[in-house]
file query04.txt (compact mmCIF, C-alpha atoms)
# COMPACT_ATOMS: atom_id res chain seq x y z
CA MET A 1 -38.26 -25.27 20.87
CA SER A 2 -36.42 -23.42 23.58
CA ASN A 3 -35.15 -26.77 24.75
CA ILE A 4 -33.11 -27.08 21.57
CA TRP A 5 -31.52 -23.68 22.04
CA VAL A 6 -30.47 -24.51 25.58
CA LYS A 7 -29.01 -27.74 24.27
CA ASN A 8 -27.03 -25.91 21.59
CA ILE A 9 -25.70 -23.36 24.04
CA VAL A 10 -24.59 -26.09 26.45
CA ARG A 11 -22.97 -27.92 23.54
CA PHE A 12 -21.22 -24.70 22.56
CA LEU A 13 -19.78 -24.27 26.06
CA LEU A 14 -18.71 -27.85 26.59
CA VAL A 15 -17.25 -28.52 23.14
CA MET A 16 -15.51 -25.17 23.19
CA ALA A 17 -13.93 -25.92 26.56
CA PHE A 18 -12.80 -29.34 25.35
CA GLN A 19 -11.40 -27.84 22.15
CA LEU A 20 -9.56 -25.00 23.85
CA PHE A 21 -8.15 -26.77 26.88
CA VAL A 22 -7.57 -30.26 25.55
CA LEU A 23 -7.49 -30.51 21.77
CA ASN A 24 -5.63 -27.27 21.15
CA GLU A 25 -2.76 -28.66 23.22
CA VAL A 26 -2.49 -31.59 20.83
CA GLU A 27 -0.17 -30.64 18.05
CA LEU A 28 1.46 -33.47 16.21
CA HIS A 29 4.59 -32.15 14.53
CA GLY A 30 2.90 -28.75 14.32
CA PHE A 31 1.02 -30.41 11.56
CA ILE A 32 -2.17 -31.90 12.89
CA ASN A 33 -4.44 -29.97 15.17
CA PRO A 34 -7.82 -31.67 15.61
CA TYR A 35 -10.78 -29.35 15.18
CA LEU A 36 -13.82 -30.77 16.94
CA PHE A 37 -15.49 -27.39 17.42
CA ILE A 38 -16.85 -27.49 13.87
CA VAL A 39 -19.44 -29.88 15.25
CA ILE A 40 -21.10 -26.91 16.97
CA ILE A 41 -21.86 -25.38 13.60
CA LEU A 42 -22.70 -28.67 11.91
CA LEU A 43 -25.24 -29.62 14.58
CA LEU A 44 -27.11 -26.31 14.77
CA PRO A 45 -30.85 -26.93 14.17
CA LEU A 46 -31.88 -27.48 10.58
CA ASN A 47 -34.57 -24.82 10.78
CA ILE A 48 -32.27 -22.03 11.95
CA SER A 49 -32.50 -18.87 9.84
CA ARG A 50 -29.66 -18.27 7.42
CA ALA A 51 -28.64 -15.02 9.06
CA GLY A 52 -28.74 -16.65 12.49
CA LEU A 53 -26.59 -19.52 11.24
CA ILE A 54 -24.00 -17.18 9.77
CA LEU A 55 -23.87 -15.06 12.92
CA ALA A 56 -23.62 -18.11 15.19
CA SER A 57 -20.77 -19.50 13.06
CA PHE A 58 -18.98 -16.18 13.25
CA VAL A 59 -19.25 -16.20 17.05
CA VAL A 60 -17.91 -19.77 17.22
CA GLY A 61 -14.93 -18.85 15.06
CA LEU A 62 -14.26 -15.65 16.94
CA THR A 63 -14.27 -17.49 20.28
CA ILE A 64 -11.62 -19.92 19.07
CA ASP A 65 -9.62 -17.04 17.61
CA ALA A 66 -9.75 -15.01 20.80
CA TYR A 67 -8.29 -17.88 22.83
CA SER A 68 -5.71 -19.10 20.37
CA ASN A 69 -4.49 -15.65 19.32
CA MET A 70 -5.41 -16.08 15.67
CA LEU A 71 -7.79 -13.13 15.43
CA GLY A 72 -9.93 -13.38 12.31
CA MET A 73 -8.69 -16.61 10.74
CA HIS A 74 -11.03 -19.13 12.31
CA ALA A 75 -13.83 -16.57 12.21
CA ALA A 76 -13.44 -16.22 8.46
CA ALA A 77 -13.44 -19.98 7.85
CA CYS A 78 -16.37 -20.59 10.23
CA THR A 79 -18.45 -17.80 8.72
CA PHE A 80 -17.83 -19.37 5.36
CA LEU A 81 -18.99 -22.76 6.67
CA GLY A 82 -22.12 -21.14 8.11
CA PHE A 83 -22.77 -19.53 4.77
CA VAL A 84 -22.46 -22.74 2.74
CA ARG A 85 -24.19 -25.11 5.20
CA PRO A 86 -27.66 -24.67 3.64
CA TYR A 87 -26.18 -25.60 0.26
CA ILE A 88 -24.51 -28.67 1.74
CA LEU A 89 -27.83 -29.69 3.31
CA ARG A 90 -29.58 -29.29 -0.03
CA PHE A 91 -26.82 -31.25 -1.75
CA THR A 92 -26.95 -34.15 0.73
CA GLN A 93 -30.73 -34.15 1.10
CA PRO A 94 -32.19 -37.67 1.60
CA ARG A 95 -34.79 -38.90 -0.88
CA ASN A 96 -37.77 -37.99 1.31
CA GLY A 97 -36.33 -34.65 2.45
CA TYR A 98 -35.81 -33.61 6.07
CA GLU A 99 -39.54 -33.58 6.87
CA ASP A 100 -39.89 -32.59 10.52
CA ILE A 101 -36.38 -33.51 11.57
CA VAL A 102 -34.82 -30.67 13.56
CA GLU A 103 -31.32 -31.80 14.49
CA PRO A 104 -28.67 -33.11 12.11
CA ASN A 105 -27.69 -35.79 14.68
CA ASP A 106 -31.19 -37.26 14.67
CA SER A 107 -31.13 -41.04 14.30
CA GLN A 108 -33.58 -40.81 11.40
CA LEU A 109 -30.68 -39.41 9.40
CA ASN A 110 -28.40 -42.44 9.25
CA LEU A 111 -24.67 -42.51 9.84
CA SER A 112 -23.70 -42.61 6.16
CA TRP A 113 -25.73 -39.45 5.56
CA PHE A 114 -24.00 -37.77 8.47
CA LEU A 115 -20.56 -38.87 7.22
CA LEU A 116 -21.17 -37.31 3.81
CA TYR A 117 -22.62 -34.13 5.32
CA ALA A 118 -19.77 -33.74 7.83
CA ALA A 119 -17.08 -34.63 5.29
CA VAL A 120 -18.21 -31.96 2.84
CA GLY A 121 -18.60 -29.35 5.57
CA ILE A 122 -15.26 -30.11 7.24
CA SER A 123 -13.44 -30.20 3.91
CA LEU A 124 -14.75 -26.80 2.84
CA HIS A 125 -13.94 -25.32 6.24
CA HIS A 126 -10.41 -26.75 6.33
CA ILE A 127 -9.59 -25.70 2.77
CA VAL A 128 -10.57 -22.12 3.55
CA TYR A 129 -8.91 -22.09 6.96
CA PHE A 130 -5.55 -23.55 5.99
CA PHE A 131 -5.14 -21.35 2.96
CA ILE A 132 -5.90 -18.27 5.04
CA GLU A 133 -3.44 -19.45 7.65
CA ALA A 134 -0.75 -20.13 5.05
CA GLY A 135 -1.45 -16.66 3.65
CA ASN A 136 -0.38 -17.60 0.13
CA PHE A 137 -0.59 -20.18 -2.61
CA ASN A 138 3.17 -20.63 -2.81
CA MET A 139 3.39 -24.12 -1.40
CA PRO A 140 0.10 -25.74 -2.31
CA LEU A 141 1.45 -29.24 -1.75
CA LEU A 142 2.32 -28.65 1.90
CA THR A 143 -0.96 -26.86 2.55
CA LEU A 144 -2.95 -29.58 0.80
CA THR A 145 -1.22 -32.27 2.86
CA ARG A 146 -2.11 -30.40 6.04
CA ILE A 147 -5.69 -30.02 4.85
CA GLY A 148 -5.98 -33.72 4.01
CA ALA A 149 -4.50 -34.94 7.30
CA ASN A 150 -6.64 -32.59 9.37
CA ILE A 151 -9.84 -33.43 7.49
CA ILE A 152 -9.39 -37.09 8.43
CA ILE A 153 -8.73 -36.37 12.11
CA SER A 154 -11.54 -33.82 12.42
CA LEU A 155 -14.01 -36.06 10.61
CA MET A 156 -13.17 -38.91 12.99
CA LEU A 157 -13.76 -36.74 16.05
CA VAL A 158 -16.99 -35.25 14.70
CA THR A 159 -18.32 -38.70 13.81
CA ILE A 160 -17.47 -40.06 17.27
CA TYR A 161 -19.34 -37.10 18.74
CA ARG A 162 -22.38 -37.85 16.57
CA MET A 163 -22.31 -41.51 17.64
CA LEU A 164 -22.13 -40.57 21.33
CA PHE A 165 -24.81 -37.90 21.25
CA VAL A 166 -27.23 -39.25 18.66
CA VAL A 167 -30.85 -38.17 19.17
CA LYS A 168 -33.21 -41.15 19.33
CA LYS A 169 -36.63 -40.70 17.83
CA SER A 170 -39.07 -40.41 20.71
CA MET B 1 -32.06 -8.03 17.77
CA GLN B 2 -34.96 -10.04 16.42
CA ALA B 3 -36.02 -7.14 14.21
CA PHE B 4 -32.48 -6.70 13.00
CA LEU B 5 -32.19 -10.38 12.11
CA LYS B 6 -35.51 -10.25 10.26
CA PHE B 7 -34.37 -7.25 8.30
CA ILE B 8 -31.19 -8.98 7.26
CA GLU B 9 -33.05 -12.20 6.54
CA ARG B 10 -35.35 -10.38 4.19
CA TYR B 11 -32.62 -8.32 2.66
CA HIS B 12 -30.13 -11.12 2.10
CA PRO B 13 -27.97 -13.42 4.18
CA HIS B 14 -25.31 -12.90 1.54
CA LEU B 15 -24.87 -9.33 2.72
CA LEU B 16 -24.34 -10.46 6.28
CA PHE B 17 -21.86 -13.05 5.09
CA LEU B 18 -19.88 -10.47 3.14
CA LEU B 19 -19.93 -8.05 6.04
CA LEU B 20 -18.64 -10.65 8.50
CA GLN B 21 -15.96 -11.78 6.07
CA LEU B 22 -14.89 -8.17 5.72
CA ILE B 23 -14.57 -7.89 9.49
CA CYS B 24 -12.49 -11.08 9.55
CA PHE B 25 -10.33 -9.76 6.76
CA VAL B 26 -9.64 -6.52 8.62
CA LEU B 27 -8.86 -8.47 11.79
CA ILE B 28 -6.48 -10.79 9.99
CA VAL B 29 -4.67 -8.05 8.13
CA ASN B 30 -4.33 -5.99 11.29
CA HIS B 31 -3.14 -8.76 13.57
CA HIS B 32 -0.95 -10.99 11.47
CA HIS B 33 2.24 -9.64 10.06
CA TYR B 34 2.70 -12.18 7.30
CA GLN B 35 -0.84 -11.86 5.97
CA ARG B 36 -0.55 -8.08 6.04
CA VAL B 37 2.59 -8.17 3.92
CA THR B 38 0.88 -10.50 1.45
CA TYR B 39 -2.12 -8.19 1.26
CA LEU B 40 -0.04 -5.05 0.78
CA HIS B 41 2.00 -6.78 -1.87
CA ALA B 42 -1.09 -7.79 -3.83
CA ALA B 43 -2.75 -4.39 -3.46
CA ASN B 44 0.42 -2.70 -4.62
CA ALA B 45 0.63 -4.87 -7.70
CA VAL B 46 -2.96 -4.02 -8.64
CA PHE B 47 -2.68 -0.29 -8.06
CA SER B 48 0.65 0.11 -9.82
CA THR B 49 -0.77 -1.68 -12.90
CA VAL B 50 -3.76 0.66 -12.92
CA ASP B 51 -1.42 3.61 -12.50
CA LYS B 52 0.67 2.49 -15.45
CA GLN B 53 -2.35 2.10 -17.71
CA THR B 54 -3.85 5.49 -16.92
CA ASN B 55 -0.44 7.05 -17.30
CA GLY B 56 -0.12 5.58 -20.77
CA VAL B 57 -3.43 7.13 -21.83
CA VAL B 58 -2.85 10.48 -20.19
CA SER B 59 0.66 10.92 -21.57
CA TYR B 60 -0.72 10.45 -25.08
CA PHE B 61 -2.92 13.50 -24.69
CA LYS B 62 -0.03 15.57 -23.40
CA LEU B 63 2.18 14.71 -26.38
CA LYS B 64 1.68 18.02 -28.11
CA GLY B 65 2.86 20.11 -25.17
CA VAL B 66 5.75 17.77 -24.55
CA ASN B 67 6.84 18.02 -28.18
CA GLU B 68 6.88 21.79 -27.97
CA GLN B 69 8.94 21.65 -24.83
CA LEU B 70 11.38 19.23 -26.41
CA SER B 71 11.89 21.34 -29.49
CA LEU B 72 12.46 24.39 -27.31
CA SER B 73 15.04 22.61 -25.23
CA ASN B 74 16.66 21.27 -28.41
CA ASN B 75 16.92 24.77 -29.67
CA ASP B 76 18.46 25.85 -26.42
CA LEU B 77 21.03 23.07 -26.55
CA LEU B 78 21.93 23.88 -30.14
CA ASN B 79 22.54 27.48 -29.16
CA LYS B 80 24.83 26.42 -26.36
CA LEU B 81 26.69 24.03 -28.63
CA TYR B 82 27.49 26.73 -31.18
CA GLN B 83 28.61 29.13 -28.50
CA LYS B 84 31.10 26.54 -27.32
CA GLN B 85 32.49 26.02 -30.80
CA ILE B 86 33.13 29.70 -31.17
CA GLU B 87 35.01 29.80 -27.89
CA VAL B 88 37.21 26.92 -28.91
CA VAL B 89 38.06 28.52 -32.19
CA GLN B 90 38.84 31.82 -30.52
CA TYR B 91 41.41 30.44 -28.11
CA PRO B 92 42.72 27.32 -29.71
CA ASP B 93 45.91 27.10 -27.69
CA THR B 94 45.25 28.50 -24.30
CA ILE B 95 41.87 27.12 -23.39
CA ARG B 96 41.88 24.68 -20.59
CA ASP B 97 38.49 23.25 -21.22
CA THR B 98 36.94 22.07 -18.00
CA ILE B 99 34.00 20.99 -20.11
CA LEU B 100 36.00 17.93 -21.04
CA GLN B 101 35.78 16.79 -17.51
CA VAL B 102 32.22 15.81 -16.99
CA ASN B 103 30.91 17.30 -13.79
CA TYR B 104 27.25 16.63 -14.00
CA GLN B 105 25.46 13.66 -15.39
CA PHE B 106 21.75 13.78 -16.18
CA THR B 107 19.34 10.91 -16.13
CA PRO B 108 15.97 11.44 -17.79
CA ALA B 109 12.89 10.19 -15.98
CA LYS B 110 9.16 10.40 -16.32
CA VAL B 111 6.85 11.55 -13.55
CA VAL B 112 4.51 8.71 -12.68
CA ASN B 113 2.77 10.20 -9.67
CA LYS B 114 2.67 13.56 -7.97
CA THR B 115 0.83 15.85 -5.62
CA THR B 116 0.74 19.63 -5.73
CA ASN B 117 -2.08 20.47 -3.37
CA ARG B 118 -0.62 19.45 -0.02
CA GLN B 119 1.79 21.00 2.42
CA HIS B 120 4.38 18.35 1.66
CA ASN B 121 4.36 17.54 -2.02
CA TYR B 122 6.25 14.67 -3.56
CA LEU B 123 6.78 13.29 -7.04
CA THR B 124 7.41 9.71 -7.99
CA ILE B 125 9.63 9.20 -11.01
CA ASN B 126 10.25 6.04 -12.96
CA ALA B 127 13.99 5.85 -12.43
CA GLY B 128 15.69 4.34 -9.41
CA SER B 129 18.85 2.72 -8.18
CA ALA B 130 18.99 0.55 -11.30
CA GLN B 131 19.33 3.74 -13.33
CA GLY B 132 22.03 5.08 -11.05
CA ILE B 133 19.88 7.30 -8.90
CA SER B 134 20.55 7.68 -5.22
CA LYS B 135 19.31 9.79 -2.34
CA GLU B 136 19.98 13.52 -2.16
CA MET B 137 20.34 14.11 -5.87
CA GLY B 138 18.87 17.20 -7.44
CA VAL B 139 16.01 17.00 -9.92
CA ILE B 140 15.39 19.59 -12.63
CA SER B 141 13.14 19.98 -15.63
CA GLU B 142 13.95 21.94 -18.75
CA LYS B 143 12.21 24.90 -17.19
CA GLY B 144 13.92 24.89 -13.84
CA VAL B 145 14.50 23.31 -10.47
CA VAL B 146 12.07 20.61 -9.35
CA GLY B 147 13.32 19.13 -6.08
CA ILE B 148 15.55 16.64 -4.34
CA VAL B 149 15.47 12.83 -4.42
CA LYS B 150 14.30 11.52 -1.04
CA ASN B 151 13.96 7.77 -1.37
CA VAL B 152 15.02 5.29 -3.99
CA SER B 153 13.83 1.82 -4.86
CA GLU B 154 15.08 -0.32 -7.69
CA ASN B 155 13.07 1.34 -10.45
CA PHE B 156 11.43 4.31 -8.79
CA ALA B 157 12.40 7.30 -6.74
CA THR B 158 10.40 9.79 -4.72
CA VAL B 159 11.29 13.44 -5.04
CA MET B 160 10.67 16.08 -2.40
CA THR B 161 9.58 19.01 -4.56
CA LEU B 162 10.16 22.70 -3.96
CA LEU B 163 6.52 22.67 -2.88
CA HIS B 164 7.40 21.11 0.46
CA LYS B 165 7.56 22.98 3.72
CA GLU B 166 10.90 21.45 4.67
CA SER B 167 12.55 22.02 1.33
CA ARG B 168 15.41 24.54 1.03
CA VAL B 169 17.31 25.34 -2.13
CA SER B 170 20.04 27.90 -2.27
CA GLY B 171 19.19 30.55 -4.86
CA LEU B 172 21.23 33.29 -6.41
CA LEU B 173 19.99 36.65 -7.70
CA GLU B 174 21.35 36.53 -11.22
CA LYS B 175 22.19 40.20 -11.52
CA HIS B 176 23.22 41.12 -8.00
CA LYS B 177 24.93 37.83 -7.19
CA ASN B 178 23.50 37.75 -3.69
CA PHE B 179 22.43 34.40 -2.52
CA GLY B 180 19.72 33.26 -0.15
CA SER B 181 17.57 30.26 0.39
CA VAL B 182 14.36 29.51 -1.44
CA LYS B 183 11.55 28.01 0.58
CA TRP B 184 7.84 27.54 0.21
CA ASP B 185 5.18 28.77 2.62
CA GLY B 186 2.61 26.16 1.60
CA LEU B 187 0.05 28.59 0.20
CA ASN B 188 0.39 28.90 -3.57
CA ALA B 189 1.93 26.29 -5.88
CA GLN B 190 3.19 29.04 -8.22
CA LEU B 191 4.96 31.18 -5.64
CA ALA B 192 7.93 30.63 -3.35
CA GLN B 193 9.94 32.88 -1.03
CA LEU B 194 13.55 33.91 -1.23
CA GLU B 195 15.07 34.61 2.17
CA ASP B 196 18.28 36.08 3.56
CA ILE B 197 18.68 38.83 0.93
CA PRO B 198 19.88 41.92 2.80
CA ASN B 199 17.88 45.12 2.65
CA TYR B 200 20.48 47.12 0.75
CA VAL B 201 20.22 44.91 -2.33
CA ASP B 202 18.17 46.70 -4.92
CA VAL B 203 16.13 43.77 -6.14
CA TYR B 204 13.85 44.55 -9.05
CA SER B 205 10.83 42.56 -10.00
CA GLY B 206 11.49 40.27 -12.95
CA GLU B 207 15.06 39.52 -11.87
CA GLN B 208 15.99 35.89 -12.40
CA VAL B 209 16.71 33.68 -9.44
CA VAL B 210 18.96 30.77 -10.33
CA THR B 211 20.72 27.97 -8.47
CA SER B 212 24.00 28.95 -6.88
CA GLY B 213 25.80 25.67 -7.41
CA TYR B 214 27.03 25.75 -3.81
CA SER B 215 24.89 22.94 -2.56
CA SER B 216 26.34 20.24 -4.86
CA LEU B 217 22.76 19.25 -5.62
CA PHE B 218 22.20 21.38 -8.69
CA PRO B 219 24.53 22.75 -11.33
CA PRO B 220 24.84 26.54 -11.18
CA ASN B 221 22.57 28.77 -13.24
CA ILE B 222 19.51 26.56 -13.36
CA SER B 223 16.45 28.76 -13.20
CA ILE B 224 14.39 28.68 -10.03
CA GLY B 225 12.07 31.56 -10.86
CA LYS B 226 11.60 35.28 -11.32
CA VAL B 227 11.25 37.88 -8.59
CA LYS B 228 7.65 38.91 -8.37
CA GLU B 229 7.67 41.23 -5.42
CA ALA B 230 10.37 42.49 -3.09
CA ASN B 231 9.48 44.38 0.06
CA SER B 232 11.72 45.65 2.77
CA ILE B 233 10.17 45.58 6.21
CA LYS B 234 11.01 48.18 8.81
CA GLY B 235 13.26 46.87 11.56
CA GLN B 236 14.21 43.76 9.63
CA ASN B 237 17.60 43.15 8.06
CA PHE B 238 16.35 41.04 5.23
CA LYS B 239 13.97 41.61 2.41
CA GLU B 240 10.78 39.70 1.91
CA ILE B 241 10.94 38.45 -1.65
CA THR B 242 8.28 36.48 -3.48
CA ILE B 243 9.31 34.62 -6.61
CA ASP B 244 7.31 33.15 -9.45
CA LEU B 245 8.49 29.56 -9.79
CA ALA B 246 9.87 28.61 -13.19
CA THR B 247 8.63 25.05 -12.99
CA ASP B 248 4.94 24.46 -13.52
CA PHE B 249 4.48 21.57 -11.10
CA GLY B 250 0.95 20.93 -12.25
CA ARG B 251 2.03 20.06 -15.76
CA LEU B 252 5.38 18.49 -15.01
CA GLU B 253 5.94 15.30 -17.00
CA TYR B 254 9.62 14.76 -17.76
CA VAL B 255 12.48 15.55 -15.41
CA TYR B 256 16.24 15.07 -15.27
CA VAL B 257 18.03 13.79 -12.23
CA VAL B 258 21.34 15.51 -11.62
CA ASN B 259 24.31 13.46 -10.56
CA TYR B 260 27.20 15.64 -9.45
CA LEU B 261 30.16 13.36 -9.97
CA GLN B 262 32.54 15.14 -7.64
CA LYS B 263 30.00 15.41 -4.87
CA GLN B 264 31.68 12.88 -2.65
CA GLU B 265 35.10 14.43 -3.03
CA GLN B 266 33.74 17.89 -2.27
CA GLN B 267 31.76 16.76 0.73
CA GLN B 268 34.67 14.81 2.15
CA LEU B 269 36.93 17.80 1.94
CA GLU B 270 34.32 20.03 3.52
CA ALA B 271 33.70 17.52 6.28
CA GLU B 272 37.37 17.68 7.23
CA LEU B 273 36.89 21.33 8.09
CA GLN B 274 34.44 20.38 10.75
CA ASN B 275 36.81 17.89 12.30
CA GLU B 276 39.48 20.47 12.90

call {"tool": "encode", "arguments": {"input": "query04.txt", "output": "structure tokens"}}
result
Amino acid sequence: MSNIWVKNIVRFLLVMAFQLFVLNEVELHGFINPYLFIVIILLLPLNISRAGLILASFVVGLTIDAYSNMLGMHAAACTFLGFVRPYILRFTQPRNGYEDIVEPNDSQLNLSWFLLYAAVGISLHHIVYFFIEAGNFNMPLLTLTRIGANIIISLMLVTIYRMLFVVKKS
Amino acid sequence: MQAFLKFIERYHPHLLFLLLQLICFVLIVNHHHYQRVTYLHAANAVFSTVDKQTNGVVSYFKLKGVNEQLSLSNNDLLNKLYQKQIEVVQYPDTIRDTILQVNYQFTPAKVVNKTTNRQHNYLTINAGSAQGISKEMGVISEKGVVGIVKNVSENFATVMTLLHKESRVSGLLEKHKNFGSVKWDGLNAQLAQLEDIPNYVDVYSGEQVVTSGYSSLFPPNISIGKVKEANSIKGQNFKEITIDLATDFGRLEYVYVVNYLQKQEQQQLEAELQNE
């Protein structure tokens, strides 16, 4: 049990470092900014308490905010993702449930399941985040384009991460 | 920490979610200029709509009093009108009627917000630059002086009332023709003080205090209040005079903004004195 927490904390540190020092420097036309850090929230253990999940998501968002000078924006979107993750899990539940699976990147949950799960999560997060960042609903077309482009990039990165760090059934 | 989490878990994760979102919201609004402006804009729209609605209801209940006031002021105006006609008939050839040249223009406005219980009390009225109102215009009601326009937006204006510690209006003792300045000490919304009246003036209680017309804010002879008490203090050159204000700020609903049309000309001429 404690092993999983250590793993999540290490993942938090490494992914966060990669996000802040590498990915945040990538800005294509000020338009696309890949967000891999969502994977930290998506891959938190399935049996985490709801309150713990929400708090952890808040901390993830706040960390990104603190470094990129966006105080509050990422935190709001991440907290939202943490709040809705249990609903997404229920919505994407496989036929025989999660049984004793602990981690969302377990190989028992196949890639197509993970794609659906991640796509829904990332989409919800990005919709919330980009509308907060835009601060209005005046130019929905531009905001929606940004959301769409970023969802694709983020989903690609998150899926690559899942493929690299998949947990084999022991 | 564990106990705290358990408590929240049992209570509801929704609460935690709302709390954290609130924190985020405060952070965003405090740290991002654009989002703050958006928020203030939205909040303003909501509150001003609510204000308007309550105002509509409240003003209905005050109709009776307002009607009485209107008929009184009608009566007053009629009286003035007939007096004028008599004058014209009396001196048909020689009168050089300055009345023909309009000196003061009045714009009616309704009070939409006000305070009376602070040290610096303001009104908001529903007339602004679109109705020809600008800064530093006088505001009166049918009962007497109200205050001075401080700030103007397109459809609203804020008025610094007499009940403001910085406000000064020049007042004239109607009988003795001595003038001083009326200010407010911040204690009682019914009472103000008249300063700079020398000790030798035999002020009696009940004497009217009216505007002097010197300040180019108010027309002359608008009531400010009645002398309530006048004391001379030993060793002081000026009397300490308390006046009962004519305007009942608590019940104020309709006001008139005074536009003195020759204000600019007068001020320009007076400013030249200072340049010499």

call {"tool": "atom_distance", "arguments": {"input": "query04.txt", "atom1": "atom CA of A:Ile48", "atom2": "atom CA of A:Gln93"}}
result
16.3 Å

call {"tool": "interface_residues", "arguments": {"input": "query04.txt", "of": "chain A", "to": "chain B", "cutoff": "7 Å", "atoms": "all atoms listed in the file", "output": "PDB file with C-alpha atoms, keeping the file's coordinate frame"}}
result
ATOM      1  CA  ARG A  50     -29.660 -18.270   7.420  1.00  0.00           C
ATOM      2  CA  ALA A  51     -28.640 -15.020   9.060  1.00  0.00           C
ATOM      3  CA  ILE A  54     -24.000 -17.180   9.770  1.00  0.00           C
ATOM      4  CA  LEU A  71      -7.790 -13.130  15.430  1.00  0.00           C
ATOM      5  CA  GLY A  72      -9.930 -13.380  12.310  1.00  0.00           C
ATOM      6  CA  MET A  73      -8.690 -16.610  10.740  1.00  0.00           C
ATOM      7  CA  ALA A  75     -13.830 -16.570  12.210  1.00  0.00           C
ATOM      8  CA  ALA A  76     -13.440 -16.220   8.460  1.00  0.00           C
ATOM      9  CA  THR A  79     -18.450 -17.800   8.720  1.00  0.00           C
ATOM     10  CA  PHE A  83     -22.770 -19.530   4.770  1.00  0.00           C
ATOM     11  CA  GLY A 135      -1.450 -16.660   3.650  1.00  0.00           C
TER      12      GLY A 135
END

call {"tool": "residues_around", "arguments": {"input": "query04.txt", "residues": "B:Gly128", "least_positions_apart": "2", "cutoff": "8 Å", "atoms": "all atoms listed in the file", "output": "NGL selection string"}}
result
:B and (125-126 or 130-134 or 152-157)

call {"tool": "atom_distance", "arguments": {"input": "query04.txt", "atom1": "atom CA of B:Gly147", "atom2": "atom CA of B:Val258"}}
result
10.4 Å

call {"tool": "residues_around", "arguments": {"input": "query04.txt", "residues": "B:Asn117", "least_positions_apart": "4", "cutoff": "9 Å", "atoms": "only C-alpha atoms", "output": "list in words"}}
result
Asn121, Leu163, Gly186, Asn188 and Ala189 of chain B

call {"tool": "residues_around", "arguments": {"input": "query04.txt", "residues": "B:Val112", "least_positions_apart": "4", "cutoff": "9 Å", "atoms": "only C-alpha atoms", "output": "number ranges by chain"}}
result
B: 51-52, 55, 123-126, 253

call {"tool": "closest_residue", "arguments": {"input": "query04.txt", "among": "A:Ala77, A:Ile41, A:Leu89, A:Leu155", "to": "A:Ala119", "atoms": "all atoms listed in the file"}}
result
A:Leu155

call {"tool": "decode", "arguments": {"input": "query04.txt", "residues": "stretch 34-45 of chain A", "atoms": "N, CA and C atoms", "output": "PDB file, in the first residue's frame"}}
result
ATOM      1  N   PRO A  34       1.321  21.924 -24.308  1.00  0.00           N
ATOM      2  CA  PRO A  34       0.962  20.562 -23.905  1.00  0.00           C
ATOM      3  C   PRO A  34       0.871  20.433 -22.384  1.00  0.00           C
ATOM      4  N   TYR A  35      -0.162  19.789 -21.922  1.00  0.00           N
ATOM      5  CA  TYR A  35      -0.336  19.604 -20.481  1.00  0.00           C
ATOM      6  C   TYR A  35      -0.260  18.134 -20.124  1.00  0.00           C
ATOM      7  N   LEU A  36       0.947  17.681 -19.810  1.00  0.00           N
ATOM      8  CA  LEU A  36       1.124  16.280 -19.408  1.00  0.00           C
ATOM      9  C   LEU A  36       0.748  16.087 -17.946  1.00  0.00           C
ATOM     10  N   PHE A  37       0.867  17.152 -17.155  1.00  0.00           N
ATOM     11  CA  PHE A  37       0.736  16.976 -15.694  1.00  0.00           C
ATOM     12  C   PHE A  37      -0.606  16.416 -15.265  1.00  0.00           C
ATOM     13  N   ILE A  38      -1.607  16.486 -16.152  1.00  0.00           N
ATOM     14  CA  ILE A  38      -2.914  15.931 -15.812  1.00  0.00           C
ATOM     15  C   ILE A  38      -2.796  14.452 -15.494  1.00  0.00           C
ATOM     16  N   VAL A  39      -1.776  13.824 -16.057  1.00  0.00           N
ATOM     17  CA  VAL A  39      -1.592  12.386 -15.844  1.00  0.00           C
ATOM     18  C   VAL A  39      -1.407  12.079 -14.356  1.00  0.00           C
ATOM     19  N   ILE A  40      -0.874  13.022 -13.612  1.00  0.00           N
ATOM     20  CA  ILE A  40      -0.695  12.799 -12.168  1.00  0.00           C
ATOM     21  C   ILE A  40      -2.046  12.566 -11.508  1.00  0.00           C
ATOM     22  N   ILE A  41      -3.023  13.358 -11.905  1.00  0.00           N
ATOM     23  CA  ILE A  41      -4.363  13.211 -11.319  1.00  0.00           C
ATOM     24  C   ILE A  41      -5.041  11.958 -11.856  1.00  0.00           C
ATOM     25  N   LEU A  42      -4.893  11.751 -13.171  1.00  0.00           N
ATOM     26  CA  LEU A  42      -5.578  10.610 -13.791  1.00  0.00           C
ATOM     27  C   LEU A  42      -5.090   9.279 -13.233  1.00  0.00           C
ATOM     28  N   LEU A  43      -3.794   9.216 -12.858  1.00  0.00           N
ATOM     29  CA  LEU A  43      -3.233   7.940 -12.431  1.00  0.00           C
ATOM     30  C   LEU A  43      -3.208   7.751 -10.917  1.00  0.00           C
ATOM     31  N   LEU A  44      -3.822   8.659 -10.174  1.00  0.00           N
ATOM     32  CA  LEU A  44      -3.918   8.434  -8.726  1.00  0.00           C
ATOM     33  C   LEU A  44      -4.687   7.127  -8.488  1.00  0.00           C
ATOM     34  N   PRO A  45      -4.385   6.401  -7.395  1.00  0.00           N
ATOM     35  CA  PRO A  45      -5.008   5.095  -7.172  1.00  0.00           C
ATOM     36  C   PRO A  45      -6.535   5.156  -7.237  1.00  0.00           C
TER      37      PRO A  45
END
